[in-house]
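Pasting structure_16.cif here (mmCIF, C-alpha atoms):
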data_structure
#
loop_
_atom_site.label_atom_id
_atom_site.label_comp_id
_atom_site.auth_asym_id
_atom_site.auth_seq_id
_atom_site.Cartn_x
_atom_site.Cartn_y
_atom_site.Cartn_z
CA MET A 158 19.30 -15.56 32.46
CA THR A 159 22.35 -16.84 30.69
CA THR A 160 25.32 -15.72 28.68
CA ARG A 161 26.13 -18.00 25.75
CA ASN A 162 29.64 -18.16 24.36
CA LEU A 163 30.28 -19.83 21.03
CA SER A 164 33.67 -20.70 19.64
CA ALA A 165 32.55 -21.52 16.08
CA VAL A 166 33.80 -19.02 13.53
CA PRO A 167 31.16 -18.04 10.94
CA THR A 168 31.69 -18.96 7.30
CA SER A 169 30.54 -15.46 6.24
CA ASP A 170 30.94 -11.97 7.65
CA ILE A 171 27.45 -10.96 6.47
CA GLY A 172 24.38 -11.77 8.54
CA PHE A 173 20.68 -11.28 7.95
CA LEU A 174 17.76 -10.74 10.31
CA THR A 175 14.30 -11.76 9.09
CA TRP A 176 10.91 -11.22 10.72
CA LYS A 177 7.25 -11.09 9.77
CA ASP A 178 4.54 -8.57 10.60
CA SER A 179 1.03 -8.07 9.25
CA VAL A 180 2.26 -6.22 6.19
CA ARG A 181 5.01 -8.49 4.84
CA VAL A 182 8.17 -10.37 5.68
CA HIS A 183 11.12 -8.04 6.35
CA GLN A 184 14.83 -8.67 6.08
CA VAL A 185 17.78 -6.46 6.99
CA GLU A 186 21.48 -6.98 6.40
CA LEU A 187 23.45 -6.57 9.62
CA GLY A 188 26.14 -3.91 9.70
CA GLU A 189 28.45 -2.89 12.54
CA PHE A 190 25.51 -2.65 14.92
CA LEU A 191 21.70 -2.63 14.89
CA THR A 192 19.21 -1.73 17.62
CA ILE A 193 15.72 -3.15 18.01
CA GLY A 194 12.88 -1.65 20.05
CA ARG A 195 9.59 0.22 20.14
CA ASP A 196 11.10 3.70 19.64
CA CYS A 197 11.29 4.88 16.02
CA GLU A 198 14.95 5.85 16.50
CA ASN A 199 15.87 2.14 16.41
CA HIS A 200 17.06 0.52 13.20
CA VAL A 201 14.25 -2.05 13.56
CA VAL A 202 11.02 -0.75 15.09
CA ILE A 203 8.77 -3.32 16.78
CA GLY A 204 5.10 -2.33 17.02
CA CYS A 205 4.53 -4.27 20.21
CA ASP A 206 3.60 -3.06 23.70
CA PHE A 207 5.76 -5.81 25.24
CA ALA A 208 8.92 -4.41 23.63
CA SER A 209 10.96 -1.75 25.41
CA SER A 210 11.86 1.57 23.79
CA ARG A 211 15.42 0.29 23.25
CA HIS A 212 15.15 -3.44 23.72
CA THR A 213 18.16 -5.22 22.27
CA ARG A 214 21.24 -4.71 20.10
CA ILE A 215 23.18 -6.80 17.60
CA GLU A 216 26.81 -5.83 16.98
CA ARG A 217 29.57 -7.25 14.80
CA LYS A 218 32.50 -8.91 16.57
CA SER A 219 35.56 -10.66 15.19
CA THR A 220 33.93 -13.99 16.00
CA GLY A 221 30.49 -13.16 14.60
CA PHE A 222 27.41 -11.18 15.63
CA LEU A 223 26.70 -10.59 19.31
CA LEU A 224 23.10 -10.25 20.56
CA ARG A 225 22.93 -8.09 23.71
CA ASP A 226 19.88 -7.28 25.83
CA LEU A 227 19.62 -3.55 26.71
CA ARG A 228 18.08 -4.07 30.15
CA SER A 229 14.69 -4.52 28.57
CA ARG A 230 11.59 -4.84 30.71
CA ASN A 231 10.52 -8.25 29.36
CA GLY A 232 13.88 -9.62 28.29
CA THR A 233 15.46 -10.85 25.07
CA TYR A 234 15.04 -14.55 24.25
CA LEU A 235 17.27 -16.73 22.09
CA ASN A 236 15.83 -20.10 21.08
CA GLY A 237 13.42 -19.85 24.02
CA ALA A 238 15.99 -18.96 26.70
CA ARG A 239 16.33 -15.47 28.20
CA ILE A 240 19.82 -14.12 27.62
CA ILE A 241 22.03 -11.21 28.63
CA GLU A 242 24.28 -11.58 25.59
CA ALA A 243 25.09 -14.35 23.14
CA LEU A 244 26.90 -14.95 19.87
CA LEU A 245 24.48 -15.84 17.11
CA SER A 246 24.51 -19.05 15.06
CA ASP A 247 22.84 -19.74 11.74
CA GLY A 248 19.11 -20.43 12.23
CA ASP A 249 18.86 -18.87 15.71
CA ARG A 250 15.41 -17.64 16.81
CA ILE A 251 15.31 -14.27 18.59
CA ARG A 252 12.19 -13.08 20.42
CA VAL A 253 11.69 -9.39 21.22
CA GLY A 254 8.37 -8.74 22.94
CA GLN A 255 5.93 -10.85 20.90
CA THR A 256 7.92 -10.61 17.67
CA GLU A 257 10.06 -13.57 16.62
CA MET A 258 13.03 -13.03 14.32
CA ASN A 259 15.43 -15.39 12.62
CA PHE A 260 19.18 -14.94 12.18
CA SER A 261 20.93 -16.42 9.14
CA TRP A 262 24.17 -16.15 7.25
CA GLN A 263 22.20 -16.49 3.99
CA ARG A 264 19.91 -13.93 2.37
CA ALA A 265 16.33 -15.18 1.94
CA GLU A 266 15.04 -14.96 -1.63
CA ASN A 267 11.99 -12.79 -2.53
CA VAL A 268 11.38 -12.15 1.15
CA ALA A 269 9.86 -8.70 0.62
CA THR A 270 7.10 -10.04 -1.63
CA GLU A 271 5.25 -12.01 1.06
CA MET A 272 2.16 -10.33 2.50
CA THR A 273 0.73 -11.46 5.83
CA SER A 274 -2.05 -10.60 8.27
CA LYS A 275 -3.13 -11.39 11.81
CA ASN A 276 -6.74 -11.29 10.63
CA LEU A 277 -7.68 -14.92 9.97
CA VAL A 278 -9.99 -14.25 7.03
CA TRP A 279 -7.54 -11.98 5.20
CA ALA A 280 -4.61 -14.25 6.07
CA ALA A 281 -6.46 -17.17 4.44
CA GLN A 282 -6.82 -15.15 1.22
CA LEU A 283 -3.17 -14.08 1.29
CA ALA A 284 -2.08 -17.69 1.74
CA ARG A 285 -3.47 -18.40 -1.73
CA LEU A 286 -1.53 -15.51 -3.27
CA PRO A 287 1.46 -17.58 -4.53
CA ASN A 288 -0.82 -20.05 -6.35
CA ILE A 289 -2.94 -17.23 -7.80
CA SER A 290 0.19 -15.41 -8.94
CA GLN A 291 1.62 -18.45 -10.73
CA SER A 292 -1.50 -18.88 -12.84
CA GLN A 293 -2.04 -16.91 -16.04
CA PHE A 294 -5.69 -16.10 -15.33
CA PRO A 295 -6.96 -12.52 -14.95
CA VAL A 296 -7.25 -11.34 -11.35
CA LEU A 297 -10.00 -8.98 -10.16
CA LEU A 298 -9.18 -7.04 -6.99
CA THR A 299 -12.17 -5.50 -5.22
CA GLY A 300 -12.58 -3.63 -1.96
CA PRO A 301 -12.90 -0.10 -0.57
CA SER A 302 -10.61 2.71 -1.71
CA GLY A 303 -7.35 2.98 0.18
CA THR A 304 -7.07 -0.71 1.15
CA GLY A 305 -3.91 -1.45 -0.84
CA LYS A 306 -5.22 -3.02 -4.05
CA ASP A 307 -2.30 -1.52 -5.99
CA LEU A 308 0.23 -3.11 -3.59
CA LEU A 309 -1.58 -6.43 -3.90
CA ALA A 310 -1.38 -6.19 -7.69
CA GLN A 311 2.37 -5.58 -7.49
CA ALA A 312 2.73 -8.59 -5.18
CA VAL A 313 0.88 -10.80 -7.68
CA HIS A 314 3.29 -9.62 -10.40
CA ARG A 315 6.42 -10.18 -8.28
CA LEU A 316 5.33 -13.71 -7.37
CA SER A 317 4.41 -14.63 -10.95
CA ALA A 318 6.44 -16.16 -13.76
CA ARG A 319 6.31 -12.70 -15.39
CA ARG A 320 8.24 -11.03 -12.56
CA ASP A 321 11.13 -10.12 -14.89
CA GLY A 322 8.76 -8.38 -17.29
CA PRO A 323 7.31 -4.87 -16.88
CA PHE A 324 4.51 -3.95 -14.50
CA VAL A 325 2.40 -1.24 -16.16
CA SER A 326 -0.40 0.51 -14.26
CA VAL A 327 -3.22 2.47 -15.90
CA ASN A 328 -5.75 4.37 -13.79
CA CYS A 329 -8.93 4.18 -15.86
CA SER A 330 -10.62 6.95 -13.85
CA ALA A 331 -7.80 9.43 -14.52
CA LEU A 332 -8.16 9.46 -18.31
CA SER A 333 -10.62 11.39 -20.45
CA ASP A 334 -12.90 9.38 -22.71
CA SER A 335 -11.01 10.62 -25.78
CA LEU A 336 -7.61 9.48 -24.50
CA VAL A 337 -8.40 6.10 -22.94
CA GLU A 338 -8.25 4.15 -26.20
CA SER A 339 -4.91 5.69 -27.19
CA GLU A 340 -3.54 5.11 -23.70
CA LEU A 341 -4.44 1.42 -23.76
CA PHE A 342 -3.89 0.49 -27.41
CA GLY A 343 -1.52 3.19 -28.68
CA HIS A 344 -1.86 5.25 -31.86
CA VAL A 345 -0.15 5.94 -35.15
CA LYS A 346 1.17 9.28 -36.30
CA GLY A 347 -1.53 11.58 -37.64
CA SER A 348 -4.45 9.51 -36.34
CA PHE A 349 -5.83 12.53 -34.48
CA THR A 350 -4.91 16.13 -33.64
CA GLY A 351 -1.78 16.07 -31.51
CA ALA A 352 -0.64 12.59 -32.62
CA THR A 353 2.72 13.78 -33.92
CA ASP A 354 4.44 10.38 -33.52
CA ASN A 355 3.63 6.70 -33.26
CA ARG A 356 3.00 5.76 -29.63
CA LYS A 357 2.83 2.41 -27.89
CA GLY A 358 -0.11 1.92 -25.56
CA ALA A 359 -0.18 0.17 -22.20
CA PHE A 360 -0.74 -3.27 -23.75
CA GLU A 361 2.48 -2.98 -25.74
CA ALA A 362 4.40 -1.35 -22.88
CA ALA A 363 3.47 -4.31 -20.64
CA ARG A 364 4.48 -6.97 -23.19
CA GLY A 365 5.85 -10.02 -21.38
CA GLY A 366 4.66 -8.65 -18.03
CA THR A 367 1.55 -7.50 -16.20
CA LEU A 368 -1.00 -4.82 -17.08
CA PHE A 369 -2.80 -3.40 -14.04
CA LEU A 370 -6.10 -1.71 -14.91
CA ASP A 371 -6.91 0.29 -11.80
CA GLU A 372 -10.48 1.59 -11.24
CA ILE A 373 -11.77 -0.60 -14.08
CA GLY A 374 -15.32 0.29 -13.00
CA ASP A 375 -14.75 3.82 -14.34
CA LEU A 376 -13.81 2.61 -17.84
CA PRO A 377 -16.08 4.36 -20.39
CA LEU A 378 -18.88 2.06 -21.56
CA GLY A 379 -18.06 2.71 -25.23
CA LEU A 380 -14.51 1.39 -24.81
CA GLN A 381 -15.48 -1.78 -22.93
CA PRO A 382 -16.22 -3.87 -26.09
CA LYS A 383 -12.75 -3.03 -27.46
CA LEU A 384 -11.11 -4.08 -24.22
CA LEU A 385 -13.15 -7.28 -24.23
CA ARG A 386 -12.00 -8.12 -27.77
CA ALA A 387 -8.40 -7.42 -26.80
CA LEU A 388 -8.67 -9.86 -23.88
CA GLU A 389 -10.49 -12.57 -25.82
CA ASN A 390 -8.39 -12.44 -29.01
CA SER A 391 -5.06 -11.37 -27.46
CA GLN A 392 -4.93 -8.67 -30.11
CA ILE A 393 -5.17 -4.88 -30.14
CA ARG A 394 -5.53 -2.32 -32.92
CA PRO A 395 -3.76 1.02 -32.31
CA VAL A 396 -5.85 4.11 -33.01
CA GLY A 397 -5.57 4.97 -36.71
CA SER A 398 -3.95 1.66 -37.65
CA ASP A 399 -5.40 -0.94 -40.04
CA ARG A 400 -3.47 -3.88 -38.61
CA ALA A 401 -3.86 -5.90 -35.44
CA VAL A 402 -0.99 -6.43 -32.99
CA GLU A 403 -0.61 -9.62 -30.95
CA THR A 404 -0.47 -9.04 -27.19
CA ASP A 405 1.33 -10.86 -24.38
CA VAL A 406 0.15 -9.56 -21.01
CA ARG A 407 -1.39 -10.83 -17.81
CA ILE A 408 -4.34 -8.67 -16.71
CA ILE A 409 -5.01 -7.54 -13.15
CA ALA A 410 -8.02 -5.25 -12.69
CA ALA A 411 -9.11 -3.40 -9.57
CA THR A 412 -12.15 -1.40 -8.49
CA HIS A 413 -13.85 -0.05 -5.39
CA HIS A 414 -17.22 -0.29 -7.17
CA ASP A 415 -19.66 -3.18 -6.93
CA LEU A 416 -19.27 -4.40 -10.51
CA LYS A 417 -22.31 -6.68 -10.28
CA LYS A 418 -24.40 -3.64 -9.40
CA LEU A 419 -22.89 -1.70 -12.32
CA VAL A 420 -23.77 -4.61 -14.62
CA PHE A 421 -27.36 -4.56 -13.33
CA GLU A 422 -27.49 -0.80 -13.96
CA GLU A 423 -26.09 -1.39 -17.48
CA ARG A 424 -23.03 0.77 -16.71
CA PHE A 425 -20.62 -2.17 -17.10
CA ARG A 426 -20.82 -4.92 -19.68
CA ALA A 427 -21.71 -8.36 -18.30
CA ASP A 428 -19.45 -10.16 -20.80
CA LEU A 429 -16.44 -8.05 -19.77
CA PHE A 430 -17.25 -8.63 -16.11
CA PHE A 431 -17.24 -12.41 -16.57
CA ARG A 432 -14.03 -12.18 -18.63
CA LEU A 433 -12.27 -10.39 -15.75
CA HIS A 434 -14.00 -12.24 -12.93
CA VAL A 435 -11.93 -15.43 -13.10
CA VAL A 436 -9.96 -15.07 -9.85
CA GLN A 437 -11.13 -12.50 -7.31
CA MET A 438 -9.57 -11.18 -4.11
CA GLN A 439 -11.35 -8.65 -1.93
CA THR A 440 -9.23 -6.38 0.25
CA PRO A 441 -10.87 -5.70 3.63
CA ALA A 442 -11.47 -2.26 5.11
CA LEU A 443 -9.01 -1.30 7.84
CA LYS A 444 -11.78 -1.41 10.47
CA GLU A 445 -12.30 -5.08 9.55
CA ARG A 446 -8.66 -5.98 10.21
CA LYS A 447 -7.86 -3.98 13.34
CA GLU A 448 -5.57 -6.85 14.40
CA ASP A 449 -3.07 -5.41 11.89
CA PHE A 450 -3.41 -1.79 12.95
CA GLU A 451 -0.25 -1.50 15.06
CA ASP A 452 1.90 -3.24 12.44
CA LEU A 453 0.61 -0.96 9.69
CA LEU A 454 1.08 2.15 11.84
CA TYR A 455 4.62 1.17 12.79
CA THR A 456 5.48 0.40 9.16
CA PHE A 457 4.63 3.97 8.16
CA ALA A 458 6.11 5.43 11.35
CA ARG A 459 9.38 3.57 10.78
CA THR A 460 9.64 4.86 7.21
CA MET A 461 8.84 8.47 8.16
CA ARG A 462 10.58 8.29 11.58
CA VAL A 463 7.59 9.37 13.65
CA ARG A 464 7.12 8.46 17.33
CA PHE A 465 3.68 7.70 18.79
CA SER A 466 2.89 7.35 22.49
CA PHE A 467 0.88 4.36 23.75
CA GLY A 468 -2.12 6.63 24.36
CA ALA A 469 -1.91 8.05 20.84
CA ILE A 470 -1.83 4.58 19.33
CA GLN A 471 -4.89 3.48 21.31
CA TYR A 472 -6.73 6.68 20.33
CA LEU A 473 -5.94 6.19 16.64
CA LYS A 474 -6.94 2.55 16.81
CA SER A 475 -10.42 3.52 18.01
CA HIS A 476 -11.00 5.60 14.85
CA ASP A 477 -13.16 4.01 12.09
CA TRP A 478 -10.68 4.91 9.30
CA PRO A 479 -13.13 5.47 6.42
CA GLY A 480 -10.12 6.22 4.19
CA ASN A 481 -8.53 2.92 5.26
CA ILE A 482 -4.76 2.38 4.96
CA ARG A 483 -4.31 5.42 2.74
CA GLU A 484 -5.86 7.61 5.45
CA LEU A 485 -3.59 6.05 8.09
CA LYS A 486 -0.52 6.76 5.96
CA ASN A 487 -1.66 10.36 5.50
CA VAL A 488 -2.08 10.79 9.26
CA VAL A 489 1.50 9.62 9.87
CA ALA A 490 2.69 12.00 7.14
CA ARG A 491 0.85 14.90 8.81
CA ALA A 492 2.42 14.00 12.12
CA LYS A 493 5.86 14.16 10.53
CA ALA A 494 5.12 17.42 8.70
CA PHE A 495 3.70 19.25 11.72
CA TRP A 496 5.64 17.81 14.68
CA GLY A 497 8.83 16.34 13.22
CA SER A 498 10.67 14.18 15.76
CA GLU A 499 8.41 15.19 18.66
CA GLU A 500 6.51 12.28 20.21
CA ILE A 501 2.88 12.21 19.10
CA THR A 502 0.62 12.25 22.16
CA GLU A 503 -3.08 11.45 22.35
CA THR A 504 -3.88 15.18 22.24
CA ILE A 505 -1.85 15.66 19.08
CA ALA A 506 -3.32 12.51 17.52
CA ALA A 507 -6.83 13.94 17.96
CA GLN A 508 -5.81 16.91 15.80
CA LEU A 509 -4.47 14.66 13.04
CA ILE A 510 -7.74 12.90 12.28
CA ASP A 511 -9.67 14.28 9.30
CA ARG A 512 -13.34 14.26 10.26
CA LEU A 513 -14.77 15.90 7.16
CA PRO A 514 -17.73 13.97 5.71
CA ASP A 515 -16.72 11.03 3.53
CA ALA A 516 -18.23 9.89 0.26
CA ASP A 517 -20.91 7.78 1.97
CA GLN A 518 -22.20 10.60 4.15
CA PRO A 519 -24.71 13.17 2.87
CA VAL A 520 -23.48 16.73 2.75
CA THR A 521 -25.79 19.27 4.38
CA ALA A 522 -27.16 22.11 2.31
CA GLY A 523 -25.06 25.23 2.05
CA PRO A 524 -21.30 25.59 2.10
CA PHE A 525 -19.44 23.66 4.76
CA LYS A 526 -17.57 25.92 7.16
CA PRO A 527 -14.49 24.11 8.36
CA SER A 528 -13.03 24.82 11.76
CA ARG A 529 -9.81 26.76 11.91
CA SER A 530 -7.58 23.68 12.05
CA VAL A 531 -4.27 23.73 10.23
CA ILE A 532 -5.06 20.37 8.62
CA LYS A 533 -8.27 21.55 6.98
CA GLU A 534 -6.70 24.78 5.81
CA ILE A 535 -3.89 22.79 4.20
CA GLU A 536 -6.37 20.41 2.58
CA LEU A 537 -8.37 23.33 1.19
CA GLU A 538 -5.24 24.91 -0.29
CA MET A 539 -4.11 21.56 -1.75
CA ILE A 540 -7.47 21.04 -3.47
CA LYS A 541 -7.47 24.56 -4.90
CA SER A 542 -3.85 24.25 -6.02
CA ARG A 543 -4.43 20.97 -7.88
CA LEU A 544 -7.66 22.22 -9.44
CA ILE A 545 -5.79 25.23 -10.83
CA ALA A 546 -2.92 23.03 -12.06
CA ASN A 547 -5.38 20.68 -13.77
CA HIS A 548 -7.49 23.52 -15.23
CA GLY A 549 -10.52 22.44 -13.21
CA ASN A 550 -10.36 18.75 -14.21
CA GLN A 551 -11.77 17.05 -11.12
CA ARG A 552 -10.88 13.54 -12.23
CA LYS A 553 -7.17 14.36 -12.54
CA THR A 554 -7.29 16.36 -9.30
CA ALA A 555 -8.79 13.40 -7.42
CA VAL A 556 -5.99 11.15 -8.68
CA ASP A 557 -3.32 13.69 -7.65
CA LEU A 558 -4.82 13.93 -4.16
CA GLY A 559 -5.28 10.16 -3.78
CA MET A 560 -9.05 10.27 -3.21
CA ALA A 561 -12.15 9.07 -5.02
CA LYS A 562 -13.70 11.54 -7.46
CA SER A 563 -16.96 11.44 -5.47
CA THR A 564 -15.04 12.32 -2.30
CA LEU A 565 -13.38 15.27 -4.04
CA HIS A 566 -16.81 16.44 -5.27
CA ASP A 567 -18.07 16.43 -1.65
CA ARG A 568 -14.97 18.30 -0.49
CA ILE A 569 -15.46 20.97 -3.17
CA LYS A 570 -19.11 21.34 -2.23
CA GLY A 571 -18.34 21.31 1.49
CA TYR A 572 -15.71 24.03 1.21
CA GLY A 573 -17.89 26.07 -1.16
CA ILE A 574 -15.24 26.17 -3.90
CA ASP A 575 -16.40 27.76 -7.17
CA VAL A 576 -14.25 25.78 -9.64
CA GLY A 577 -15.14 27.99 -12.61
CA GLN A 578 -14.18 31.15 -10.81
CA LEU A 579 -11.04 29.50 -9.43
CA VAL A 580 -9.64 28.62 -12.85
CA GLY A 581 -10.86 31.83 -14.47
CA GLU A 582 -13.62 30.40 -16.66
#
Kindly present the structure from the file in structure tokens form.
Amino acid sequence: MTTRNLSAVPTSDIGFLTWKDSVRVHQVELGEFLTIGRDCENHVVIGCDFASSRHTRIERKSTGFLLRDLRSRNGTYLNGARIIEALLSDGDRIRVGQTEMNFSWQRAENVATEMTSKNLVWAAQLARLPNISQSQFPVLLTGPSGTGKDLLAQAVHRLSARRDGPFVSVNCSALSDSLVESELFGHVKGSFTGATDNRKGAFEAARGGTLFLDEIGDLPLGLQPKLLRALENSQIRPVGSDRAVETDVRIIAATHHDLKKLVFEERFRADLFFRLHVVQMQTPALKERKEDFEDLLYTFARTMRVRFSFGAIQYLKSHDWPGNIRELKNVVARAKAFWGSEEITETIAAQLIDRLPDADQPVTAGPFKPSRSVIKEIELEMIKSRLIANHGNQRKTAVDLGMAKSTLHDRIKGYGIDVGQLVGE
């Protein structure tokens, strides 16, 4: 091990540390000091078994930034050499565990927009993301619920030439049939009961930017021809108006449905499908990209400041995660809500997993009787609370709770909730 002393005085008093995990490229601006390690109390949390709880530290000195090993088990490496402490120079490579970081005096541009993966198949798709983003073609995002299609859509927008324009998201499954047209195309005053003013729709709100049509598979069949005409002619007609309005948007659509199957079942128009199906990316289920599990877990744990033991991480990794990344995020949130800063052990982790039947599993006859776990009691109360707030509207309730409408239906049936009685109908 060596100690490196450098006499060169930096040209700037601001330094930046950049590293990549399976979620994206990260960058932090260095302050007076910064610690790196596996424990969530560090400024930079490394989801790596080869990193120590408190592995290394970077602190500001009059001559620059000093990298100091904190008696870590596997050592801190600078440009391939194990060090005790060393002053950093522009372009230095720092290795902590199996994570490599780069030090620079210059901020990297658009660093937070890059998405990465250790899964080779998904990484190959993500590598094409910059080229896809720079095109003006519609993008169709498919894949199971909870796999991050909305984040992928935002990444496409940020990497596109329209990045300075608005990003407008419309959840097609959250709108009633009577409101979808107004929501997309806008309306003029007096066009229907309640239309007290002119209102711009999503196409106009997204002018010069990107319009994200989430859950496009749930778009009412009667509205699909109007959307098709809007895409083909680059024109919309607000509800109640007799004039067409030119549009200027880039369309990204997403769905967890098999659109080809919906077309076969005549629940989705074939011509609209082919209009949207120009460039497609399919987000994988979490169980298909387990190589990224630790990075995803640590990303959420770092944000919510939750600590997981090695045993807890291995236990969680063995779960199938039918709710995918959304379910993983919810588990970390539960851990924070129930146990705060306490380290999450394997025993605690077993209590965090929601094992109610998912949308693909048949529900047995008769009301489901949940065990007396705090998690299920909280879920039951959350469902009832949102149903009451939404006056029994299950579609809006599903959106509020972040689950598919079919999943909510199974939950309501499983818990034996009488929606009519609940909302006083």
_Using the chain letters and numbers from this file, what does the PyMOL selection byres ((chain A and resi 375) around 9) select? Give the answer as a VMD selection string._
chain A and resid 329 to 331 371 to 374 376 to 378 412 414 425
*Pick from A:Arg400, A:Lys306, A:Lys562, A:Arg217: nearest to A:Phe173, with all atoms listed in the file counted?*
A:Arg217
*Report the residues retrieved by the PyMOL selection byres ((chain A and resi 445) around 10) from the displayed file, expressed as a ChimeraX atom specification.*
/A:276,278-279,440-444,446-449,477,481
Keeping only C-alpha atoms, write the selected residues to a file as a compact mmCIF listing (two decimals), in the coordinates of the input.
# COMPACT_ATOMS: atom_id res chain seq x y z
CA ASN A 276 -6.74 -11.29 10.63
CA VAL A 278 -9.99 -14.25 7.03
CA TRP A 279 -7.54 -11.98 5.20
CA THR A 440 -9.23 -6.38 0.25
CA PRO A 441 -10.87 -5.70 3.63
CA ALA A 442 -11.47 -2.26 5.11
CA LEU A 443 -9.01 -1.30 7.84
CA LYS A 444 -11.78 -1.41 10.47
CA ARG A 446 -8.66 -5.98 10.21
CA LYS A 447 -7.86 -3.98 13.34
CA GLU A 448 -5.57 -6.85 14.40
CA ASP A 449 -3.07 -5.41 11.89
CA ASP A 477 -13.16 4.01 12.09
CA ASN A 481 -8.53 2.92 5.26
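In this structure, atom CA of A:Arg225 sits 23.8 Å away from atom CA of A:Arg464.
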_Spatial neighbours of A:Ser210, max dist 12 Å, only C-alpha atoms, sep filter under 3 positions, as an MDAnalysis selection string_ = chainID A and resid 192:207 213:214 227:231 253:254 464:467
_Picked residues, the PyMOL selection byres ((chain A and resi 405-407) around 9), expected as a ChimeraX atom specification_ = /A:293-296,314,319,360-361,363-369,391-392,403-404,408-409
_So, with all atoms listed in the file as the atoms that count, which of A:Phe495, A:Lys474, A:Val436, A:Phe260 lies closest to A:Ile535?_
A:Phe495
_Minimum-distance residue to A:Leu537, chosen among A:Gly232, A:Gly571, A:Gly379, A:Gly577 (using all atoms listed in the file)_ = A:Gly571
_Which residues are close to A:Gln551, i.e. within 8 Å by only C-alpha atoms, leaving aside same-chain residues fewer than 5 positions away? Reply as a count of residues only._
4
*Gap from atom CA of A:Leu579 to atom CA of A:Asn487 - Å, one decimal*: 26.0 Å
*Give me, please, the distance in Å between atom CA of A:Ala507 and atom CA of A:Trp478, quoted to one decimal.*
13.1 Å
*Measuring atom to atom with all atoms listed in the file, identify which of A:Lys383, A:His476, A:Arg462, A:Lys417 is nearest to A:Ala492.*
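Result for the nearest residue to A:Ala492: A:Arg462.
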_Taking only C-alpha atoms into account, name the residue in A:Asp247, A:Glu389, A:Asp452, A:Glu503 that is nearest to A:Leu429._
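Of A:Asp247, A:Glu389, A:Asp452, A:Glu503, the one nearest A:Leu429, counting only C-alpha atoms, is A:Glu389.
The residue that comes closest to A:Leu245, out of A:Gln184, A:Thr554, A:Asn328, A:Ser261 and on the basis of all atoms listed in the file, is A:Ser261.
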